[in-house]
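Structure record follows, encoded as structure tokens.
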Amino acid sequence: GHRHKAVLVAVDLKAKDVEAKVAAMAEKAGALEKLVFIGRAINEPAVRANITKAFPNAACAALANTPADFDEALKAPDASWVYFRFVPSAGQMAKVHRAGRKGFIAGTTVAGLEKANWKAAATAGIDGLLTDHPLELQEALRPSRPKD
């Protein structure tokens with residue numbers, strides 16, 4: 001079937017003081033709701049504030065590098081996404097969704113051909129996953145059909 005999964009574009013902000021311009025260009029192109037801002041936004045509250053002050057509907061992520069960082073990332077101001085660098089539990093994802101936020105995972109746990117981690121993250125309820133292997137990911141997460 002062609003149940004098209006929405007593509008999420010992670011904008012990795014590296015340069016200083018460009019975030020409002022980047023958001024403005026995205027808004028003009030009608031692409032703002034497809035983006036989540038990462039890079040400097042994930043651990044610099046000022047960068048997130050610059051974006052959401054100008055564009056309240058822009059999505060920024062706050063980093064949860066380890067499970068110990070989770071609660072802080074979930075409460076981070078101006079962040080509508082939690083950026084996980086570890087595979088979250090179903091309980092953590094439930095908390096994210098109860099808070100009206102979304103969660104995505106990136107980094108070494110999922111970038112390579114990490115099928116077990118992909119499945120664990122999907123089972124936990126992750127909303128987005130950043131990998132170098134999108135086709136294999138799609139295949140791995142496809143519901144298995146009974147063999148004839």
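Chain identifiers are assigned as A, B, and so on, following the order in which chains appear in the structure tokens; residues are numbered from 1 within each chain, and ligands are numbered from 1 in order of appearance.
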Counting only C-alpha atoms, what is within 6 Å of region 12-22 of chain A, bar same-chain residues fewer than 5 positions away, as a short mmCIF file (atom, residue, chain, number, x, y, z; two decimals) with all heavy atoms, in the first residue's frame?
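Listing of part_33.cif after writing:
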data_model
loop_
_atom_site.label_atom_id
_atom_site.label_comp_id
_atom_site.auth_asym_id
_atom_site.auth_seq_id
_atom_site.Cartn_x
_atom_site.Cartn_y
_atom_site.Cartn_z
N ILE A 38 17.62 21.12 15.08
CA ILE A 38 18.57 20.47 15.97
C ILE A 38 19.88 21.25 15.93
O ILE A 38 19.87 22.45 15.77
CB ILE A 38 18.73 18.96 15.64
CG1 ILE A 38 19.25 18.75 14.22
CG2 ILE A 38 17.41 18.22 15.86
CD1 ILE A 38 19.70 17.31 13.93
N GLY A 39 21.01 20.58 16.07
CA GLY A 39 22.29 21.29 16.09
C GLY A 39 22.36 22.12 17.35
O GLY A 39 22.10 21.64 18.45
N ARG A 40 22.67 23.42 17.20
CA ARG A 40 22.82 24.28 18.38
C ARG A 40 21.52 24.41 19.17
O ARG A 40 21.53 24.70 20.36
CB ARG A 40 23.36 25.66 17.98
CG ARG A 40 24.81 25.57 17.49
CD ARG A 40 25.41 26.91 17.08
NE ARG A 40 25.24 27.88 18.13
CZ ARG A 40 24.67 29.07 17.95
NH1 ARG A 40 24.23 29.44 16.77
NH2 ARG A 40 24.56 29.89 18.97
N ILE A 51 14.08 31.12 17.63
CA ILE A 51 13.24 30.53 16.58
C ILE A 51 11.77 30.65 16.95
O ILE A 51 10.95 31.13 16.17
CB ILE A 51 13.62 29.05 16.36
CG1 ILE A 51 15.05 28.94 15.84
CG2 ILE A 51 12.64 28.39 15.38
CD1 ILE A 51 15.60 27.52 15.81
#
Find the spatial neighbours of region 83-99 of chain A, counting only C-alpha atoms, within a cut-off of 10 Å - ignore same-chain residues fewer than 4 positions away - and output them as an NGL selection string. :A and (36 or 38 or 42 or 60-67 or 69-71 or 73-75 or 79 or 103-110 or 117-129)
Check chain A with DSSP on the backbone and list each residue it calls helix (DSSP H, G or I), as a count of residues only. 66
Tell me, which residues of region 25-139 of chain A carry DSSP strand (DSSP E), written as a ChimeraX atom specification? /A:35-39,61-64,81-84,102-105,128-129
Please save N, CA, C and O atoms of the selected residues as an mmCIF file, in the first residue's frame.
data_model
loop_
_atom_site.group_PDB
_atom_site.id
_atom_site.type_symbol
_atom_site.label_atom_id
_atom_site.label_comp_id
_atom_site.auth_asym_id
_atom_site.auth_seq_id
_atom_site.Cartn_x
_atom_site.Cartn_y
_atom_site.Cartn_z
ATOM 1 N N LEU A 35 9.893 20.582 9.445
ATOM 2 C CA LEU A 35 11.237 20.692 10.014
ATOM 3 C C LEU A 35 11.254 20.527 11.524
ATOM 4 O O LEU A 35 10.305 20.895 12.216
ATOM 5 N N VAL A 36 12.360 19.991 11.999
ATOM 6 C CA VAL A 36 12.649 20.073 13.427
ATOM 7 C C VAL A 36 14.088 20.586 13.537
ATOM 8 O O VAL A 36 14.979 20.107 12.854
ATOM 9 N N PHE A 37 14.265 21.632 14.341
ATOM 10 C CA PHE A 37 15.576 22.256 14.458
ATOM 11 C C PHE A 37 16.417 21.548 15.512
ATOM 12 O O PHE A 37 15.993 21.397 16.658
ATOM 13 N N ILE A 38 17.617 21.121 15.076
ATOM 14 C CA ILE A 38 18.566 20.467 15.975
ATOM 15 C C ILE A 38 19.878 21.250 15.934
ATOM 16 O O ILE A 38 19.869 22.453 15.771
ATOM 17 N N GLY A 39 21.012 20.575 16.067
ATOM 18 C CA GLY A 39 22.288 21.289 16.091
ATOM 19 C C GLY A 39 22.358 22.125 17.355
ATOM 20 O O GLY A 39 22.098 21.643 18.454
ATOM 21 N N ALA A 61 14.063 20.802 19.020
ATOM 22 C CA ALA A 61 14.293 19.641 19.868
ATOM 23 C C ALA A 61 15.250 19.981 20.999
ATOM 24 O O ALA A 61 16.140 20.818 20.838
ATOM 25 N N ALA A 62 15.041 19.320 22.141
ATOM 26 C CA ALA A 62 15.969 19.415 23.267
ATOM 27 C C ALA A 62 16.587 18.038 23.466
ATOM 28 O O ALA A 62 15.901 17.020 23.370
ATOM 29 N N LEU A 63 17.871 18.008 23.738
ATOM 30 C CA LEU A 63 18.632 16.762 23.772
ATOM 31 C C LEU A 63 18.506 15.980 25.078
ATOM 32 O O LEU A 63 18.687 16.533 26.164
ATOM 33 N N ALA A 64 18.221 14.692 24.934
ATOM 34 C CA ALA A 64 18.366 13.731 26.042
ATOM 35 C C ALA A 64 19.469 12.774 25.612
ATOM 36 O O ALA A 64 19.247 11.831 24.858
ATOM 37 N N TRP A 81 10.009 18.834 20.695
ATOM 38 C CA TRP A 81 10.533 17.482 20.463
ATOM 39 C C TRP A 81 11.612 17.164 21.486
ATOM 40 O O TRP A 81 12.372 18.050 21.884
ATOM 41 N N VAL A 82 11.690 15.888 21.862
ATOM 42 C CA VAL A 82 12.819 15.382 22.643
ATOM 43 C C VAL A 82 13.698 14.595 21.677
ATOM 44 O O VAL A 82 13.209 13.724 20.947
ATOM 45 N N TYR A 83 14.966 14.949 21.635
ATOM 46 C CA TYR A 83 15.941 14.302 20.755
ATOM 47 C C TYR A 83 16.679 13.264 21.595
ATOM 48 O O TYR A 83 17.428 13.619 22.497
ATOM 49 N N PHE A 84 16.419 11.991 21.322
ATOM 50 C CA PHE A 84 17.051 10.901 22.078
ATOM 51 C C PHE A 84 18.320 10.426 21.384
ATOM 52 O O PHE A 84 18.313 10.200 20.177
ATOM 53 N N LYS A 102 6.838 15.401 20.928
ATOM 54 C CA LYS A 102 7.180 14.237 20.121
ATOM 55 C C LYS A 102 8.623 13.857 20.407
ATOM 56 O O LYS A 102 9.390 14.666 20.927
ATOM 57 N N GLY A 103 8.978 12.626 20.028
ATOM 58 C CA GLY A 103 10.334 12.173 20.271
ATOM 59 C C GLY A 103 10.957 11.633 19.002
ATOM 60 O O GLY A 103 10.292 10.958 18.228
ATOM 61 N N PHE A 104 12.217 11.968 18.797
ATOM 62 C CA PHE A 104 12.937 11.306 17.724
ATOM 63 C C PHE A 104 14.303 10.892 18.205
ATOM 64 O O PHE A 104 14.805 11.377 19.210
ATOM 65 N N ILE A 105 14.853 9.923 17.481
ATOM 66 C CA ILE A 105 16.128 9.341 17.885
ATOM 67 C C ILE A 105 17.123 9.496 16.748
ATOM 68 O O ILE A 105 16.775 9.337 15.577
ATOM 69 N N GLY A 128 10.033 9.823 15.225
ATOM 70 C CA GLY A 128 10.955 10.029 14.115
ATOM 71 C C GLY A 128 12.274 9.354 14.397
ATOM 72 O O GLY A 128 12.653 9.164 15.561
ATOM 73 N N LEU A 129 12.958 8.972 13.332
ATOM 74 C CA LEU A 129 14.214 8.251 13.470
ATOM 75 C C LEU A 129 15.146 8.696 12.349
ATOM 76 O O LEU A 129 14.748 8.714 11.192
#
What's the separation between CA of Ala46 (chain A) and CA of Pro77 (chain A), in Å to one decimal place? 9.7 Å
Interatomic distance between CA of Asp132 (chain A) and CA of Ala58 (chain A)?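 A separation of 24.8 Å between them.
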Excluding His133 (chain A) and its own-chain neighbours fewer than 5 positions away, which residues fall within 12 Å of it when counting only C-alpha atoms? Please give them as a short mmCIF file (atom, residue, chain, number, x, y, z; two decimals) with C-alpha atoms, in the first residue's frame.
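File part_25.cif, as written:
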data_model
loop_
_atom_site.label_atom_id
_atom_site.label_comp_id
_atom_site.auth_asym_id
_atom_site.auth_seq_id
_atom_site.Cartn_x
_atom_site.Cartn_y
_atom_site.Cartn_z
CA VAL A 110 20.31 4.12 14.94
CA ALA A 111 22.52 5.65 12.22
CA GLY A 112 23.96 2.34 11.02
CA LEU A 113 22.12 -0.90 10.25
CA GLU A 114 20.77 -1.15 13.79
CA LYS A 115 17.62 -3.17 13.13
CA TRP A 118 15.03 0.60 15.12
CA GLN A 138 11.36 0.92 6.04
CA GLU A 139 11.84 -2.76 5.26
CA ALA A 140 12.68 -3.64 8.89
#
Enter the distance from CA of Val11 (chain A) to CA of Val47 (chain A), in Å, rounded to one decimal.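 Value for the CA of Val11 (chain A)-CA of Val47 (chain A) distance: 12.7 Å.
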